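Colleague: So that we are looking at the same thing, I have put the structure below in structure tokens.
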2 protein chains.
Amino acid sequence: MMNTVDNDICTEVMDTIESNSYNIYFENSLGELANFIERGRYSRFFVLTDENTGKHCLPLLQERLGNPDNFDLIEIPAGEESKDIDFCIGVWKMLIDFGADRQSLLINLGGGVISDLGGFAASTFKRGIDFVHVPTTLLSQVDASVGGKTGIDIDSIKNIIGTFTQPKAVFIEADFLKTLPARQILSGTAEMLKHGLICDADYWNRLKQSDLSTPAVELVHRSVEIKNAVVLEDPNEKGIRKSLNFGHTIGHAVETYSLINDKDSLSHGEAIAIGMICEAYLAHKKTGLSAEELSEITEVLMELYPRYDLKKADTDILIEYMQKDKKNQNGKINCTLLDKIGQFNIDNICTPEELIEGINYYATL
Amino acid sequence: MMNTVDNDICTEVMDTIESNSYNIYFENSLGELANFIERGRYSRFFVLTDENTGKHCLPLLQERLGNPDNFDLIEIPAGEESKDIDFCIGVWKMLIDFGADRQSLLINLGGGVISDLGGFAASTFKRGIDFVHVPTTLLSQVDASVGGKTGIDIDSIKNIIGTFTQPKAVFIEADFLKTLPARQILSGTAEMLKHGLICDADYWNRLKQSDLSTPAVELVHRSVEIKNAVVLEDPNEKGIRKSLNFGHTIGHAVETYSLINDKDSLSHGEAIAIGMICEAYLAHKKTGLSAEELSEITEVLMELYPRYDLKKADTDILIEYMQKDKKNQNGKINCTLLDKIGQFNIDNICTPEELIEGINYYATL
Ligand SMILES: NC(=O)c1ccc[n+]([C@@H]2O[C@H](COP(=O)([O-])OP(=O)(O)OC[C@H]3O[C@@H](n4cnc5c(N)ncnc54)[C@H](O)[C@@H]3O)[C@@H](O)[C@H]2O)c1
Ligand SMILES: NC(=O)c1ccc[n+]([C@@H]2O[C@H](COP(=O)([O-])OP(=O)(O)OC[C@H]3O[C@@H](n4cnc5c(N)ncnc54)[C@H](O)[C@@H]3O)[C@@H](O)[C@H]2O)c1
Ligand SMILES: [Zn+2]
Ligand SMILES: [Zn+2]
């Protein structure tokens with residue numbers, strides 16, 4: 001099993017990246033979208049947005065496509081609460097009402113909520129219509145739009161329902177990030193840092209030295225390259241793809257907890273940053289991550305991300321969320337840890353006691 | 001493109017039929033299910049039933065499996081109304097509550113409602129868990145359980161949401177048909193007759209001469225063989241698979257109409273029998289089905305199935321349903337017709353006027 005992602009696959013920096021059966025465009029990406037639409041034999045076009053991307057991103061999209069009049073718009077409220085089965089039913093019903101047929105194309109214009117929900121809705125509508133992603137958050141550019149996972153939540157259980165379905169193409173346009181709030185940028189940064197931590201120490205070092213409040217497009221490109229290489233190697237999540245779960249076992253539980261309990265809940269990346277600190281601690285205990293590297297990871301993340309009061313969280317509830325996580329079986333909780341920075345280590349069963357120790361490491365920082 | 005299904009693939013009559021990556025068992029099928037469960041590495045088992053199959057079929061299943069105690073039961077009300085997104089959400093929530101993980105197996109014990117809904121629920125739960133079908137209606141044995149289509153309804157629009165996902169195996173047990181009401185047997189017979197009409201005139205003739213109130217298992221086997229051969233040849237419904245749509249363009253519209261308007265609504269097969277008569281008329285007009293064969297088909301079906309008062313149905317509404325049917329694009333309505341008995345003819349665009357003529361042929365019989 002490969003456990004680093006070769007650096008020199010990245011020769012020309014802003015190359016189009018080829019995934020399984022589809023392309024991820026970086027240069028002139030909205031022009032490429034126009035070409036894609038031109039080439040395709042679609043009968044109808046639907047653009048899925050949320051309130052924010054409808055306001056900030058749709059005008060640019062429309063302008064670059066020459067203000068097409070054959071696009072129907074579907075808008076949902078912004079936020080994770082919309083990635084719910086009820087809103088999914090709303091999208092299906094709009095597609096029905098607009099008369100969408102099997103030759104329709106759904107264009108998901110937004111962050112991970114839009115690509116996950118839109119991807120699921122499209123992959124099941126009339127047993128599957130085509131969709132493309134135009135990711136407008138950093139998180140969705142470097143993570144959610146690549147890999148073919150779609151998903152929705154039920155009763156705040158994240159991604160409990162979904163499919164593995166590839167988009168027909170992904171169009172990454174840096175301009176969209178200009179209107180993205182700083183906190184949302186940081187949410188994506190967490191996944192980029194994760195990409196460095198799990199398989200590219202050089203990239204981690206470059207990130208550490210960069211101004212991450214406006215990440216350079218070359219960095220976005222490198223992250224997509226890593227994520228894409230990983231998912232191509234292991235489409236069904238049997239091996240190396242689990243590397244991407246670093247920080248996510250505890251992170252997801254914290255995210256669910258915050259979603260239910262906080263008025264202003266944590267973003268995905270904020271929760272994952274916490275998860276990475278807790279799991280770096282577990283890595284130190286279980287897979288040989290050095291004390292120095294644990295400190296380095298802790299320091300970098302604590303400087304970037306606001307402190308979250310985990311003491312107030314009931315650890316039993318967090319453990320319960322982890323047991324319900326679809327990554328886990330038979331109630332056994334599985335973590336991806338690190339041997340060192342740039343080298344992941346999958347399939348570590350952690351006991352509730354160990355996990356609580358990891359949580360406490362963060363809580364008492 | 002093949003347009004008949006070879007008869008001599010059927011050498012030993014009750015052979016296990018191989019589909020893509022899974023088997024369809026006929027002999028000692030519940031014993032085979034026990035073997036399947038034995039061999040599999042499943043963590044948990046869930047049996048989906050409706051009220052009727054819970055009462056009539058579950059005891060036999062449990063007995064043959066040695067009354068296992070590690071099975072959780074999920075029961076929904078009987079009837080097409082249960083094949084709805086709301087009941088699907090109910091099934092997902094039960095799986096969540098029971099703690100189903102990715103290594104769980106869902107056993108769909110029932111008719112087409114159970115296999116379509118259960119197949120969809122399983123194919124999307126945690127992005128897909130394994131499922132098998134144990135079809136207990138004639139319709140689901142000869143049709144719904146073979147081919148990998150899953151589906152649910154929204155607002156009574158049939159199968160508007162679904163996936164293409166294969167079961168891990170299908171277990172066909174003739175004993176289950178003993179408790180099946182006569183009207184339900186006839187619903188399945190319609191699909192068997194269709195199999196003969198589209199690609200096996202000999203089989204049609206055998207069926208005509210048989211007592212169809214208790215169809216011999218050899219006939220069930222032949223139907224499964226035909227359906228399986230067709231879907232294997234054309235998994236994505238680009239060509240020959242469309243042959244199975246004979247009777248279904250008009251039939252589905254009539255079925256939807258009846259579901260909404262009648263207290264005691266038509267069964268799927270009853271609606272399809274009507275559709276086959278209307279479309280045989282269109283075949284006579286458009287693809288050369290002889291007047292004699294049109295009469296023969298009309299006579300056989302009218303003798304088997306109760307007359308339905310189509311005059312009262314608003315034909316505009318029926319046409320609207322057809323235009324919304326996922327088989328159709330751009331509002332164009334596509335029919336599979338017959339050149340003669342035993343030879344289908346796909347991709348015939350029919351105008352609303354032609355379709356109304358077909359409907360009127362039936363309505364004025
Ligand atoms: N499918 C996958 O592989 C995968 C991977 C990671 C995360 N995810 C999912 O992604 C979701 C999180 O994604 P996200 O952080 O992009 O969330 P999001 O889609 O909710 O976007 C965050 C916020 O930014 C706003 N926004 C989006 N683009 C904007 C722009 N250009 N300018 C101004 N505002 C903008 C949105 O309206 C929203 O309020 C989660 O549901 C997570 O589960 C999926
Ligand atoms: N997926 C496919 O390829 C496909 C093909 C054809 C039809 N279908 C779907 O199948 C559904 C119709 O299937 P169906 O006719 O089996 O409907 P069904 O599942 O509703 O069963 C009909 C009735 O028979 C009862 N029943 C089932 N088994 C019984 C038994 N052994 N003894 C006594 N009662 C029993 C059920 O409770 C129900 O009341 C429709 O929703 C249709 O869309 C799917
Ligand atoms: Zn993540
Ligand atoms: Zn049918």
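Every chain in the structure tokens has a letter given in the order shown (A, B, ...), and although residue numbers restart at 1 in each chain, ligands are simply numbered from 1 in the order shown.
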Taking only C-alpha atoms into account, what are the residues of chain B at most 10 Å from chain A, put as a ChimeraX atom specification?
Modeller: /B:43-44,85,89,92-93,96-97,99-104,120-128,149-152,154-155,157-165,323-331
Colleague: Contacts of Gln166 (chain B) at 9 Å or less, counting only C-alpha atoms, minus same-chain residues fewer than 3 places along, as a PyMOL selection string?
Modeller: chain B and resi 20-22+119+123+131-132+146-150+169
Colleague: Go ahead and dump the residues you just picked, N, CA, C and O atoms, as a PDB file, in the first residue's frame.
Modeller:
```pdb
ATOM      1  N   ASN B  20     -25.295 -10.742 -12.762  1.00  0.00           N
ATOM      2  CA  ASN B  20     -23.974 -10.138 -12.600  1.00  0.00           C
ATOM      3  C   ASN B  20     -23.614 -10.108 -11.134  1.00  0.00           C
ATOM      4  O   ASN B  20     -24.201  -9.398 -10.350  1.00  0.00           O
ATOM      5  N   SER B  21     -22.653 -10.902 -10.766  1.00  0.00           N
ATOM      6  CA  SER B  21     -22.075 -10.936  -9.424  1.00  0.00           C
ATOM      7  C   SER B  21     -23.004 -11.535  -8.362  1.00  0.00           C
ATOM      8  O   SER B  21     -22.656 -11.534  -7.202  1.00  0.00           O
ATOM      9  N   TYR B  22     -24.150 -12.034  -8.747  1.00  0.00           N
ATOM     10  CA  TYR B  22     -24.973 -12.668  -7.720  1.00  0.00           C
ATOM     11  C   TYR B  22     -25.803 -13.809  -8.299  1.00  0.00           C
ATOM     12  O   TYR B  22     -25.995 -13.900  -9.512  1.00  0.00           O
ATOM     13  N   GLY B 119     -34.253  -2.220  -0.955  1.00  0.00           N
ATOM     14  CA  GLY B 119     -33.052  -2.087  -1.784  1.00  0.00           C
ATOM     15  C   GLY B 119     -32.549  -0.650  -1.788  1.00  0.00           C
ATOM     16  O   GLY B 119     -31.358  -0.401  -1.645  1.00  0.00           O
ATOM     17  N   SER B 123     -29.113   0.581  -0.139  1.00  0.00           N
ATOM     18  CA  SER B 123     -28.079   1.068  -1.060  1.00  0.00           C
ATOM     19  C   SER B 123     -27.604   2.473  -0.701  1.00  0.00           C
ATOM     20  O   SER B 123     -26.574   2.923  -1.199  1.00  0.00           O
ATOM     21  N   PHE B 131     -27.625  -6.181   0.743  1.00  0.00           N
ATOM     22  CA  PHE B 131     -29.003  -6.649   0.907  1.00  0.00           C
ATOM     23  C   PHE B 131     -29.255  -7.844  -0.002  1.00  0.00           C
ATOM     24  O   PHE B 131     -28.567  -8.014  -1.013  1.00  0.00           O
ATOM     25  N   VAL B 132     -30.221  -8.693   0.400  1.00  0.00           N
ATOM     26  CA  VAL B 132     -30.685  -9.799  -0.446  1.00  0.00           C
ATOM     27  C   VAL B 132     -32.208  -9.726  -0.515  1.00  0.00           C
ATOM     28  O   VAL B 132     -32.849  -9.125   0.346  1.00  0.00           O
ATOM     29  N   VAL B 146     -35.202  -9.012  -9.661  1.00  0.00           N
ATOM     30  CA  VAL B 146     -34.111  -9.238 -10.610  1.00  0.00           C
ATOM     31  C   VAL B 146     -33.844  -7.970 -11.417  1.00  0.00           C
ATOM     32  O   VAL B 146     -34.779  -7.367 -11.942  1.00  0.00           O
ATOM     33  N   GLY B 147     -32.591  -7.537 -11.474  1.00  0.00           N
ATOM     34  CA  GLY B 147     -32.263  -6.417 -12.358  1.00  0.00           C
ATOM     35  C   GLY B 147     -31.616  -5.228 -11.676  1.00  0.00           C
ATOM     36  O   GLY B 147     -31.090  -4.346 -12.329  1.00  0.00           O
ATOM     37  N   GLY B 148     -31.691  -5.183 -10.348  1.00  0.00           N
ATOM     38  CA  GLY B 148     -30.928  -4.162  -9.643  1.00  0.00           C
ATOM     39  C   GLY B 148     -31.543  -2.779  -9.584  1.00  0.00           C
ATOM     40  O   GLY B 148     -30.895  -1.836  -9.160  1.00  0.00           O
ATOM     41  N   LYS B 149     -32.793  -2.649  -9.978  1.00  0.00           N
ATOM     42  CA  LYS B 149     -33.436  -1.342  -9.810  1.00  0.00           C
ATOM     43  C   LYS B 149     -34.038  -1.250  -8.421  1.00  0.00           C
ATOM     44  O   LYS B 149     -34.805  -2.119  -8.021  1.00  0.00           O
ATOM     45  N   THR B 150     -33.727  -0.184  -7.732  1.00  0.00           N
ATOM     46  CA  THR B 150     -34.404   0.081  -6.467  1.00  0.00           C
ATOM     47  C   THR B 150     -35.209   1.365  -6.659  1.00  0.00           C
ATOM     48  O   THR B 150     -34.922   2.139  -7.579  1.00  0.00           O
ATOM     49  N   ALA B 169     -27.840 -11.563  -3.459  1.00  0.00           N
ATOM     50  CA  ALA B 169     -28.419 -12.841  -3.891  1.00  0.00           C
ATOM     51  C   ALA B 169     -29.937 -12.698  -3.855  1.00  0.00           C
ATOM     52  O   ALA B 169     -30.471 -11.791  -3.206  1.00  0.00           O
TER      53      ALA B 169
END
```
Colleague: Could you state the separation of CA of Leu106 (chain B) and CA of Asp86 (chain A) in Å, given to one decimal place?
Modeller: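 These atoms are spaced 24.3 Å apart.
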Colleague: Would you mind listing what lies within 12 Å of Ile240 (chain B) as a tab-separated table (two decimals) with N, CA and C atoms, in the first residue's frame, with only C-alpha atoms counted and same-chain residues fewer than 3 positions away left out?
Modeller:
```
chain	number	residue	atom	x	y	z
B	1	MET	N	-27.89	-5.99	-31.84
B	1	MET	CA	-28.62	-6.14	-30.57
B	1	MET	C	-29.46	-7.43	-30.58
B	2	MET	N	-29.35	-8.22	-29.55
B	2	MET	CA	-30.16	-9.43	-29.47
B	2	MET	C	-31.61	-9.01	-29.28
B	3	ASN	N	-32.52	-9.69	-29.94
B	3	ASN	CA	-33.88	-9.35	-29.55
B	3	ASN	C	-34.78	-10.55	-29.31
B	4	THR	N	-34.17	-11.69	-29.11
B	4	THR	CA	-34.89	-12.78	-28.48
B	4	THR	C	-34.00	-13.35	-27.39
B	5	VAL	N	-34.58	-14.03	-26.44
B	5	VAL	CA	-33.77	-14.65	-25.40
B	5	VAL	C	-33.74	-16.14	-25.66
B	198	ILE	N	-42.71	-10.23	-25.50
B	198	ILE	CA	-41.57	-9.46	-26.04
B	198	ILE	C	-40.50	-10.35	-26.64
B	199	CYS	N	-40.31	-11.57	-26.14
B	199	CYS	CA	-39.22	-12.32	-26.75
B	199	CYS	C	-39.31	-13.84	-26.73
B	226	ILE	N	-35.56	-15.06	-18.57
B	226	ILE	CA	-35.71	-14.03	-19.60
B	226	ILE	C	-35.34	-12.66	-19.04
B	227	LYS	N	-35.92	-12.32	-17.91
B	227	LYS	CA	-35.64	-10.99	-17.35
B	227	LYS	C	-34.15	-10.85	-17.08
B	228	ASN	N	-33.55	-11.88	-16.52
B	228	ASN	CA	-32.13	-11.81	-16.19
B	228	ASN	C	-31.27	-11.67	-17.44
B	229	ALA	N	-31.60	-12.43	-18.47
B	229	ALA	CA	-30.81	-12.34	-19.71
B	229	ALA	C	-30.89	-10.93	-20.28
B	230	VAL	N	-32.06	-10.35	-20.23
B	230	VAL	CA	-32.26	-9.01	-20.77
B	230	VAL	C	-31.45	-7.97	-19.99
B	231	VAL	N	-31.53	-8.01	-18.67
B	231	VAL	CA	-30.84	-6.97	-17.90
B	231	VAL	C	-29.32	-7.17	-17.93
B	232	LEU	N	-28.88	-8.41	-18.04
B	232	LEU	CA	-27.44	-8.65	-18.14
B	232	LEU	C	-26.89	-8.08	-19.44
B	233	GLU	N	-27.67	-8.21	-20.50
B	233	GLU	CA	-27.24	-7.72	-21.81
B	233	GLU	C	-27.19	-6.20	-21.83
B	234	ASP	N	-27.98	-5.57	-20.99
B	234	ASP	CA	-28.12	-4.11	-21.08
B	234	ASP	C	-28.37	-3.52	-19.70
B	235	PRO	N	-27.33	-3.52	-18.87
B	235	PRO	CA	-27.54	-3.08	-17.49
B	235	PRO	C	-28.03	-1.63	-17.36
B	236	ASN	N	-27.65	-0.77	-18.32
B	236	ASN	CA	-27.96	0.66	-18.15
B	236	ASN	C	-29.17	1.16	-18.93
B	237	GLU	N	-29.95	0.20	-19.42
B	237	GLU	CA	-31.20	0.56	-20.07
B	237	GLU	C	-31.00	1.48	-21.27
B	243	SER	N	-37.08	-3.32	-23.76
B	243	SER	CA	-38.12	-4.28	-24.16
B	243	SER	C	-39.07	-4.54	-23.00
B	244	LEU	N	-38.52	-4.49	-21.78
B	244	LEU	CA	-39.33	-4.79	-20.59
B	244	LEU	C	-40.38	-3.72	-20.34
B	245	ASN	N	-40.25	-2.59	-21.05
B	245	ASN	CA	-41.22	-1.51	-20.86
B	245	ASN	C	-42.51	-1.72	-21.63
B	246	PHE	N	-42.57	-2.80	-22.41
B	246	PHE	CA	-43.82	-3.04	-23.14
B	246	PHE	C	-45.00	-3.01	-22.16
B	336	THR	N	-42.32	0.91	-26.03
B	336	THR	CA	-41.82	-0.33	-26.59
B	336	THR	C	-43.02	-1.06	-27.18
B	343	GLN	N	-41.49	-10.73	-30.43
B	343	GLN	CA	-40.47	-9.84	-30.97
B	343	GLN	C	-40.80	-8.38	-30.69
B	344	PHE	N	-40.01	-7.81	-29.78
B	344	PHE	CA	-40.28	-6.43	-29.37
B	344	PHE	C	-39.65	-5.44	-30.35
B	345	ASN	N	-40.00	-4.18	-30.18
B	345	ASN	CA	-39.53	-3.10	-31.04
B	345	ASN	C	-39.45	-1.84	-30.17
B	346	ILE	N	-38.22	-1.40	-29.86
B	346	ILE	CA	-38.08	-0.30	-28.89
B	346	ILE	C	-38.05	1.06	-29.55
B	347	ASP	N	-38.09	2.10	-28.71
B	347	ASP	CA	-37.88	3.49	-29.13
B	347	ASP	C	-38.88	4.00	-30.15
```
Colleague: Do a neighbour search on Phe36 (chain B) at 12 Å with only C-alpha atoms, toss out local chain neighbours closer than 6 positions, and write the hits as a PyMOL selection string.
Modeller: chain B and resi 22-25+29-30+42+65+105+107+131-132+168-171
Colleague: Within region 59-281 of chain B, find each residue whose DSSP state, derived from the backbone, is alpha helix (DSSP H), and express the selection as a ChimeraX atom specification.
Modeller: /B:59-64,85-97,112-124,138-139,182-199,201-209,217-233,248-261,268-281
Colleague: Using the chain letters and numbers from this document, which residues of region 120-280 of chain B does DSSP assign to strand (DSSP E), as a short mmCIF file (atom, residue, chain, number, x, y, z; two decimals) with all heavy atoms, in the first residue's frame?
Modeller:
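Ended up saving to states22.cif:
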```
data_model
loop_
_atom_site.label_atom_id
_atom_site.label_comp_id
_atom_site.auth_asym_id
_atom_site.auth_seq_id
_atom_site.Cartn_x
_atom_site.Cartn_y
_atom_site.Cartn_z
N ASP B 130 -25.04 -4.24 2.32
CA ASP B 130 -25.50 -5.38 1.52
C ASP B 130 -26.98 -5.67 1.77
O ASP B 130 -27.50 -5.46 2.87
CB ASP B 130 -24.70 -6.64 1.89
CG ASP B 130 -23.31 -6.63 1.25
OD1 ASP B 130 -22.98 -5.67 0.54
OD2 ASP B 130 -22.57 -7.60 1.47
N PHE B 131 -27.63 -6.18 0.74
CA PHE B 131 -29.00 -6.65 0.91
C PHE B 131 -29.26 -7.84 0.00
O PHE B 131 -28.57 -8.01 -1.01
CB PHE B 131 -30.02 -5.53 0.63
CG PHE B 131 -29.96 -4.96 -0.76
CD1 PHE B 131 -30.77 -5.48 -1.77
CD2 PHE B 131 -29.12 -3.91 -1.07
CE1 PHE B 131 -30.72 -4.96 -3.07
CE2 PHE B 131 -29.07 -3.37 -2.37
CZ PHE B 131 -29.87 -3.91 -3.37
N VAL B 132 -30.22 -8.69 0.40
CA VAL B 132 -30.68 -9.80 -0.45
C VAL B 132 -32.21 -9.73 -0.51
O VAL B 132 -32.85 -9.13 0.35
CB VAL B 132 -30.27 -11.19 0.11
CG1 VAL B 132 -28.75 -11.34 0.11
CG2 VAL B 132 -30.84 -11.43 1.51
N HIS B 133 -32.74 -10.32 -1.56
CA HIS B 133 -34.20 -10.37 -1.70
C HIS B 133 -34.71 -11.78 -1.49
O HIS B 133 -34.14 -12.75 -2.02
CB HIS B 133 -34.63 -9.93 -3.11
CG HIS B 133 -34.33 -8.51 -3.45
ND1 HIS B 133 -34.50 -7.47 -2.56
CD2 HIS B 133 -33.88 -7.94 -4.59
CE1 HIS B 133 -34.17 -6.33 -3.15
NE2 HIS B 133 -33.78 -6.59 -4.38
N VAL B 134 -35.79 -11.89 -0.74
CA VAL B 134 -36.56 -13.13 -0.65
C VAL B 134 -37.97 -12.77 -1.10
O VAL B 134 -38.83 -12.40 -0.30
CB VAL B 134 -36.58 -13.70 0.78
CG1 VAL B 134 -37.29 -15.04 0.81
CG2 VAL B 134 -35.16 -13.83 1.34
N PRO B 135 -38.19 -12.79 -2.43
CA PRO B 135 -39.47 -12.31 -2.96
C PRO B 135 -40.62 -13.25 -2.63
O PRO B 135 -40.51 -14.46 -2.79
CB PRO B 135 -39.22 -12.26 -4.47
CG PRO B 135 -38.11 -13.21 -4.74
CD PRO B 135 -37.25 -13.20 -3.50
N ILE B 152 -38.27 4.35 -4.81
CA ILE B 152 -39.35 4.78 -3.94
C ILE B 152 -40.14 5.89 -4.64
O ILE B 152 -39.69 6.45 -5.64
CB ILE B 152 -38.84 5.29 -2.57
CG1 ILE B 152 -37.83 6.43 -2.77
CG2 ILE B 152 -38.23 4.16 -1.76
CD1 ILE B 152 -37.48 7.14 -1.47
N ASP B 153 -41.31 6.17 -4.09
CA ASP B 153 -42.19 7.16 -4.68
C ASP B 153 -42.17 8.45 -3.86
O ASP B 153 -41.88 8.44 -2.65
CB ASP B 153 -43.64 6.64 -4.69
CG ASP B 153 -43.77 5.22 -5.25
OD1 ASP B 153 -42.88 4.80 -6.02
OD2 ASP B 153 -44.77 4.55 -4.91
N ILE B 154 -42.44 9.55 -4.51
CA ILE B 154 -42.70 10.81 -3.81
C ILE B 154 -44.00 11.36 -4.39
O ILE B 154 -44.15 11.39 -5.61
CB ILE B 154 -41.56 11.83 -4.02
CG1 ILE B 154 -40.30 11.38 -3.27
CG2 ILE B 154 -41.97 13.22 -3.56
CD1 ILE B 154 -39.19 12.41 -3.26
N ILE B 157 -45.58 9.76 -7.23
CA ILE B 157 -44.87 9.60 -8.51
C ILE B 157 -43.95 8.39 -8.34
O ILE B 157 -43.01 8.41 -7.55
CB ILE B 157 -44.07 10.84 -8.89
CG1 ILE B 157 -45.01 12.05 -8.92
CG2 ILE B 157 -43.41 10.64 -10.26
CD1 ILE B 157 -44.33 13.35 -9.22
N LYS B 158 -44.26 7.35 -9.11
CA LYS B 158 -43.63 6.06 -8.86
C LYS B 158 -42.14 6.04 -9.21
O LYS B 158 -41.73 6.52 -10.24
CB LYS B 158 -44.35 4.97 -9.67
CG LYS B 158 -45.65 4.52 -9.00
CD LYS B 158 -46.28 3.36 -9.75
CE LYS B 158 -45.37 2.18 -9.80
NZ LYS B 158 -45.17 1.50 -8.51
N ASN B 159 -41.37 5.46 -8.31
CA ASN B 159 -39.94 5.21 -8.56
C ASN B 159 -39.18 6.46 -8.99
O ASN B 159 -38.18 6.37 -9.70
CB ASN B 159 -39.76 4.14 -9.64
CG ASN B 159 -40.46 2.86 -9.28
OD1 ASN B 159 -40.46 2.45 -8.11
ND2 ASN B 159 -41.08 2.21 -10.25
N ILE B 160 -39.64 7.62 -8.55
CA ILE B 160 -38.99 8.86 -8.97
C ILE B 160 -37.59 8.97 -8.37
O ILE B 160 -36.70 9.61 -8.94
CB ILE B 160 -39.87 10.08 -8.60
CG1 ILE B 160 -39.26 11.39 -9.14
CG2 ILE B 160 -40.12 10.20 -7.12
CD1 ILE B 160 -39.41 11.55 -10.61
N ILE B 161 -37.40 8.29 -7.24
CA ILE B 161 -36.09 8.28 -6.58
C ILE B 161 -35.62 6.83 -6.48
O ILE B 161 -36.41 5.95 -6.16
CB ILE B 161 -36.21 8.88 -5.15
CG1 ILE B 161 -36.78 10.31 -5.22
CG2 ILE B 161 -34.86 8.85 -4.41
CD1 ILE B 161 -35.96 11.27 -6.04
N ALA B 169 -27.84 -11.56 -3.46
CA ALA B 169 -28.42 -12.84 -3.89
C ALA B 169 -29.94 -12.70 -3.86
O ALA B 169 -30.47 -11.79 -3.21
CB ALA B 169 -27.99 -13.99 -2.98
N VAL B 170 -30.60 -13.60 -4.58
CA VAL B 170 -32.07 -13.65 -4.56
C VAL B 170 -32.47 -15.09 -4.29
O VAL B 170 -31.89 -16.02 -4.87
CB VAL B 170 -32.66 -13.17 -5.91
CG1 VAL B 170 -34.18 -13.29 -5.91
CG2 VAL B 170 -32.23 -11.74 -6.22
N PHE B 171 -33.42 -15.29 -3.40
CA PHE B 171 -33.85 -16.62 -3.00
C PHE B 171 -35.33 -16.77 -3.31
O PHE B 171 -36.17 -16.15 -2.66
CB PHE B 171 -33.57 -16.83 -1.51
CG PHE B 171 -32.13 -16.58 -1.15
CD1 PHE B 171 -31.70 -15.32 -0.73
CD2 PHE B 171 -31.18 -17.59 -1.27
CE1 PHE B 171 -30.37 -15.07 -0.43
CE2 PHE B 171 -29.84 -17.36 -0.98
CZ PHE B 171 -29.44 -16.10 -0.56
#
```
Colleague: In Å, rounded to a single decimal, give me how far CA of Arg41 (chain B) is from CA of Ile349 (chain A).
Modeller: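 Interatomic distance, CA of Ile349 (chain A) to CA of Arg41 (chain B): 19.0 Å.
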Colleague: Mind checking which residues fall within 10 Å of Ala216 (chain B), counting only C-alpha atoms, ignoring those fewer than 6 positions away in the same chain, and posting them as a PDB file with N, CA, C and O atoms, in the first residue's frame?
Modeller:
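Final file, part.pdb:
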```pdb
ATOM      1  N   ALA B 174     -41.079 -21.099  -3.833  1.00  0.00           N
ATOM      2  CA  ALA B 174     -42.453 -21.212  -4.337  1.00  0.00           C
ATOM      3  C   ALA B 174     -43.478 -21.304  -3.202  1.00  0.00           C
ATOM      4  O   ALA B 174     -44.613 -20.833  -3.338  1.00  0.00           O
ATOM      5  N   LEU B 207     -47.865 -20.386 -21.610  1.00  0.00           N
ATOM      6  CA  LEU B 207     -48.612 -19.649 -20.586  1.00  0.00           C
ATOM      7  C   LEU B 207     -50.103 -19.662 -20.881  1.00  0.00           C
ATOM      8  O   LEU B 207     -50.927 -19.877 -19.980  1.00  0.00           O
ATOM      9  N   SER B 210     -51.675 -22.741 -19.723  1.00  0.00           N
ATOM     10  CA  SER B 210     -51.482 -23.142 -18.323  1.00  0.00           C
ATOM     11  C   SER B 210     -52.606 -22.614 -17.445  1.00  0.00           C
ATOM     12  O   SER B 210     -53.297 -21.659 -17.797  1.00  0.00           O
TER      13      SER B 210
END
```
Colleague: For ligand 4, collect every residue having any atom at a distance of at most 10 Å from a ligand atom (counting only C-alpha atoms and all ligand atoms); output as JSON, numbers by chain.
Modeller: {"B": [112, 139, 140, 142, 143, 144, 187, 188, 190, 191, 192, 194, 244, 245, 246, 247, 248, 251, 252, 268, 269, 270, 271, 272, 273]}
Colleague: Just the number, please: distance in Å from CA of Tyr362 (chain B) to CA of Cys350 (chain B), one decimal.
Modeller: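 Computing it gives 16.7 Å between the two atoms.
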